[in-house]
Amino acid sequence: MAIFPQTKTQTKTGAPASAAPVHRLPSLRHLGPNWYATVMGTAIVATAGAALPVDVPGLRTACVVVWAVSSVLLAVVLAARAGHWVLHRDQARADLLDPAVAPFHGCLSMALLAVGAGTLVVGRDVIGHPAAVAVDAVLFTAGTVAGLAAAVAIPYLMVVRHRLAPGTASPVWLLPLVAPMVSAAVGPLLVPELAPGQGREALLLACYAMFGLSLLATLVVVPLVFGRLVHHGPLPLALTPTLFLVLGPLGQSTTAANQLADVAPGAVPAPYASAFGAFAVLYGVPVMGFALLWLALSAAMVVRAVRRGMGFTMTWWGFTFPVGTCVTGAAGLARHTGLDAFTWLAAALYALLVTAWAFAGVRTLGGLFSGALPAGPRPLRPVTVRTT
């Protein structure tokens with residue numbers, strides 16, 4: 001029995017010839033997990049804008065609108081990805097076995113978490129605080145479970161099924177590993193919503209555990225990425241924007257440290273609460289310094305790639321969410337140190353974020369209308385998959 005409907009054609013001599021399988025909704029076939037980056041990049045514009053330590057007229061209203069757009073995007077991409085799995089299961093399974101695509105499955109978690117956080121931060125202006133808490137609780141739970149699963153499953157596949165050549169480390173490898181850090185950064189929003197006691201403390205410390213999980217995993221991967229750059233040269237032009245992904249764990253961990261410090265006094269005893277506050281600054285300042293170094297290096301590499309003809313691809317969404325985490329990280333440091341320098345840094349990074357988001361959004365819409373998108377990430381070279 002044929003898996004897909006078949007049609008018959010004839011050759012010039014009149015003999016029947018086999019036709020290629022006809023797929024239902026072929027536009028979904030190459031809609032990969034990387035499309036969740038559009039949700040992440042949009043949601044972070046709203047939450048980062050709300051976190052800015054400066055008063056900009058109309059910004060709050062704009063953030064609410066952007067949050068609404070991200071919520072609609074999440075629903076659309078979730079439905080499209082469900083259709084991808086139902087109608088193109090062979091391609092969905094192939095994506096898991098493709099080293100170039102598999103890490104993007106970590107984006108599902110971050111999309112859920114980003115929209116959930118945006119709902120509680122700015123969406124409450126529209127749907128009310130109780131409903132916002134309920135939505136965030138559902139999305140936080142689902143996103144955290146998905147993130148922890150991806151943090152285990154994707155490295156497992158990399159070890160036992162993917163065959164990766166030496167020197168092919170990619171910033172994309174960070175995607176499933178940074179997802180628990182996003183949980184650590186947005187989880188504190190729900191801590192004050194719990195009654196004082198075991199539940200509140202457990203959520204706080206669980207977020208701190210995910211902070212450590214993701215941080216230590218990042219410290220394993222980032223040296224591999226830098227080693228690949230040093231020993232094998234720049235990334236291919238289309239993948240150059242992925243260098244910005246390294247900013248994700250840096251900015252998000254700084255954000256998490258500050259967010260955890262904000263809610264620690266009501267969740268843990270005084271000595272530990274004070275330690276959380278001190279750690280937020282002692283950790284966040286040097287990490288933000290390294291983030292700025294990496295931002296400068298990545299920007300220089302992007303300029304080089306543009307001069308060599310780099311065109312738009314979906315990897316350009318890598319300019320959005322990672323930069324947004326640096327905005328929230330700088331805003332947290334401004335809150336805890338009182339330094340105007342961090343306030344202006346957050347504002348400057350937010351301007352960069354909005355510019356990158358607008359450009360990526362316009363080019364993506366153009367690709368959708370022209371039919372050039374969707375197209376999933378493609379490997380740079382033939383890869384083999386271990387079968388034993």
# chains A, B, ... in the order shown; residues from 1 in each chain; ligands from 1
>>> closest_atom_pairs(of="stretch 272-334 of chain A", to="stretch 21-40 of chain A", cutoff="12 Å", atoms="only C-alpha atoms", output="tab-separated table")
residue	atom	partner	partner_atom	distance
A:Thr313	CA	A:Asn34	CA	11.1
A:Met314	CA	A:Asn34	CA	7.6
A:Thr315	CA	A:Asn34	CA	8.3
A:Trp316	CA	A:Ala37	CA	9.6
A:Trp317	CA	A:Ala37	CA	6.2
A:Gly318	CA	A:Ala37	CA	7.6
A:Phe319	CA	A:Ala37	CA	10.2
A:Thr320	CA	A:Met40	CA	8.1
A:Phe321	CA	A:Met40	CA	6.0
A:Pro322	CA	A:Met40	CA	9.5
A:Val323	CA	A:Met40	CA	11.4
A:Gly324	CA	A:Met40	CA	9.6
A:Thr325	CA	A:Met40	CA	10.7
>>> write_last_selection(atoms="N, CA, C and O atoms", output="PDB file, in the first residue's frame")
ATOM      1  N   THR A 313      18.435  34.988   5.740  1.00  0.00           N
ATOM      2  CA  THR A 313      17.903  33.655   6.014  1.00  0.00           C
ATOM      3  C   THR A 313      17.234  33.713   7.382  1.00  0.00           C
ATOM      4  O   THR A 313      17.331  34.719   8.100  1.00  0.00           O
ATOM      5  N   MET A 314      16.599  32.628   7.770  1.00  0.00           N
ATOM      6  CA  MET A 314      15.933  32.597   9.068  1.00  0.00           C
ATOM      7  C   MET A 314      16.921  32.700  10.234  1.00  0.00           C
ATOM      8  O   MET A 314      16.520  32.972  11.365  1.00  0.00           O
ATOM      9  N   THR A 315      18.206  32.479   9.962  1.00  0.00           N
ATOM     10  CA  THR A 315      19.193  32.633  11.039  1.00  0.00           C
ATOM     11  C   THR A 315      19.278  34.076  11.511  1.00  0.00           C
ATOM     12  O   THR A 315      19.807  34.327  12.608  1.00  0.00           O
ATOM     13  N   TRP A 316      18.753  35.026  10.743  1.00  0.00           N
ATOM     14  CA  TRP A 316      18.782  36.424  11.167  1.00  0.00           C
ATOM     15  C   TRP A 316      17.933  36.670  12.407  1.00  0.00           C
ATOM     16  O   TRP A 316      18.091  37.681  13.082  1.00  0.00           O
ATOM     17  N   TRP A 317      17.021  35.743  12.714  1.00  0.00           N
ATOM     18  CA  TRP A 317      16.259  35.869  13.962  1.00  0.00           C
ATOM     19  C   TRP A 317      17.163  35.676  15.181  1.00  0.00           C
ATOM     20  O   TRP A 317      16.776  35.992  16.302  1.00  0.00           O
ATOM     21  N   GLY A 318      18.379  35.171  14.945  1.00  0.00           N
ATOM     22  CA  GLY A 318      19.344  35.065  16.034  1.00  0.00           C
ATOM     23  C   GLY A 318      19.794  36.417  16.553  1.00  0.00           C
ATOM     24  O   GLY A 318      20.395  36.505  17.632  1.00  0.00           O
ATOM     25  N   PHE A 319      19.519  37.484  15.815  1.00  0.00           N
ATOM     26  CA  PHE A 319      19.854  38.831  16.279  1.00  0.00           C
ATOM     27  C   PHE A 319      18.860  39.346  17.323  1.00  0.00           C
ATOM     28  O   PHE A 319      19.098  40.396  17.918  1.00  0.00           O
ATOM     29  N   THR A 320      17.739  38.661  17.520  1.00  0.00           N
ATOM     30  CA  THR A 320      16.666  39.210  18.348  1.00  0.00           C
ATOM     31  C   THR A 320      16.685  38.696  19.787  1.00  0.00           C
ATOM     32  O   THR A 320      17.066  39.436  20.701  1.00  0.00           O
ATOM     33  N   PHE A 321      16.302  37.467  19.999  1.00  0.00           N
ATOM     34  CA  PHE A 321      16.147  36.972  21.370  1.00  0.00           C
ATOM     35  C   PHE A 321      17.432  37.087  22.196  1.00  0.00           C
ATOM     36  O   PHE A 321      17.387  37.543  23.345  1.00  0.00           O
ATOM     37  N   PRO A 322      18.597  36.691  21.673  1.00  0.00           N
ATOM     38  CA  PRO A 322      19.817  36.829  22.488  1.00  0.00           C
ATOM     39  C   PRO A 322      20.107  38.270  22.895  1.00  0.00           C
ATOM     40  O   PRO A 322      20.503  38.530  24.042  1.00  0.00           O
ATOM     41  N   VAL A 323      19.910  39.216  21.980  1.00  0.00           N
ATOM     42  CA  VAL A 323      20.119  40.625  22.335  1.00  0.00           C
ATOM     43  C   VAL A 323      19.089  41.057  23.378  1.00  0.00           C
ATOM     44  O   VAL A 323      19.404  41.812  24.311  1.00  0.00           O
ATOM     45  N   GLY A 324      17.863  40.552  23.250  1.00  0.00           N
ATOM     46  CA  GLY A 324      16.829  40.880  24.236  1.00  0.00           C
ATOM     47  C   GLY A 324      17.194  40.419  25.632  1.00  0.00           C
ATOM     48  O   GLY A 324      16.900  41.111  26.625  1.00  0.00           O
ATOM     49  N   THR A 325      17.833  39.268  25.744  1.00  0.00           N
ATOM     50  CA  THR A 325      18.239  38.806  27.079  1.00  0.00           C
ATOM     51  C   THR A 325      19.309  39.719  27.672  1.00  0.00           C
ATOM     52  O   THR A 325      19.370  39.896  28.893  1.00  0.00           O
TER      53      THR A 325
END
>>> residues_around(residues="stretch 273-288 of chain A", least_positions_apart="5", cutoff="9 Å", atoms="only C-alpha atoms", output="MDAnalysis selection string")
chainID A and resid 250:251 253:268 293 326 329:330 332:333 336:337
>>> residues_around(residues="A:Arg335", least_positions_apart="6", cutoff="9 Å", atoms="only C-alpha atoms", output="CSV table (one decimal) with N, CA and C atoms, in the first residue's frame")
chain,number,residue,atom,x,y,z
A,53,PRO,N,14.6,50.4,32.4
A,53,PRO,CA,14.6,51.3,33.5
A,53,PRO,C,14.5,52.8,33.1
A,258,ASN,N,19.5,38.3,38.6
A,258,ASN,CA,18.8,39.5,39.1
A,258,ASN,C,17.4,39.2,39.5
A,342,PHE,N,24.4,51.3,33.3
A,342,PHE,CA,23.6,50.1,32.9
A,342,PHE,C,22.2,50.5,32.3
A,343,THR,N,21.7,51.6,32.8
A,343,THR,CA,20.4,52.1,32.2
A,343,THR,C,20.6,52.4,30.8
>>> residues_around(residues="A:Ala217", least_positions_apart="5", cutoff="12 Å", atoms="only C-alpha atoms", output="list in words")
Ala151, Val152, Pro155, Trp173, Leu174, Leu175, Pro176, Leu177, Val178, Ala179, Pro180, Met181, Met210, Phe211, Gly212, Val222, Pro223, Leu224 and Pro249 of chain A
>>> residues_around(residues="A:Cys63", least_positions_apart="5", cutoff="10 Å", atoms="only C-alpha atoms", output="PyMOL selection string")
chain A and resi 42-50+58+68-69+118+121-123
>>> atom_distance(atom1="atom CA of A:Ala356", atom2="atom CA of A:Gly41")
9.3 Å
>>> select_by_dssp(residues="stretch 52-285 of chain A", states="helix (DSSP H, G or I)", output="PyMOL selection string")
chain A and resi 59-87+89-96+102-127+129-160+171-189+191-193+198-232+237-266+270-285
>>> atom_distance(atom1="atom CA of A:Thr141", atom2="atom CA of A:Pro99")
27.3 Å
>>> residues_around(residues="A:Arg124", least_positions_apart="4", cutoff="12 Å", atoms="only C-alpha atoms", output="ChimeraX atom specification")
/A:60-61,63-64,67-68,116-120,128-136
>>> atom_distance(atom1="atom CA of A:Leu339", atom2="atom CA of A:Ala51")
15.5 Å
>>> closest_residue(among="A:Leu297, A:Val303, A:Ala62, A:Met110", to="A:Asp125", atoms="only C-alpha atoms")
A:Ala62
>>> closest_atom_pairs(of="stretch 102-182 of chain A", to="stretch 80-98 of chain A", cutoff="8 Å", atoms="only C-alpha atoms", output="CSV")
residue,atom,partner,partner_atom,distance
A:Ala102,CA,A:Leu96,CA,4.7
A:Leu157,CA,A:Leu97,CA,7.4
A:Arg161,CA,A:Leu97,CA,6.9
A:His162,CA,A:Leu97,CA,6.5
>>> closest_residue(among="A:Val54, A:Cys207, A:Leu229, A:Cys107", to="A:Gly167", atoms="only C-alpha atoms")
A:Leu229
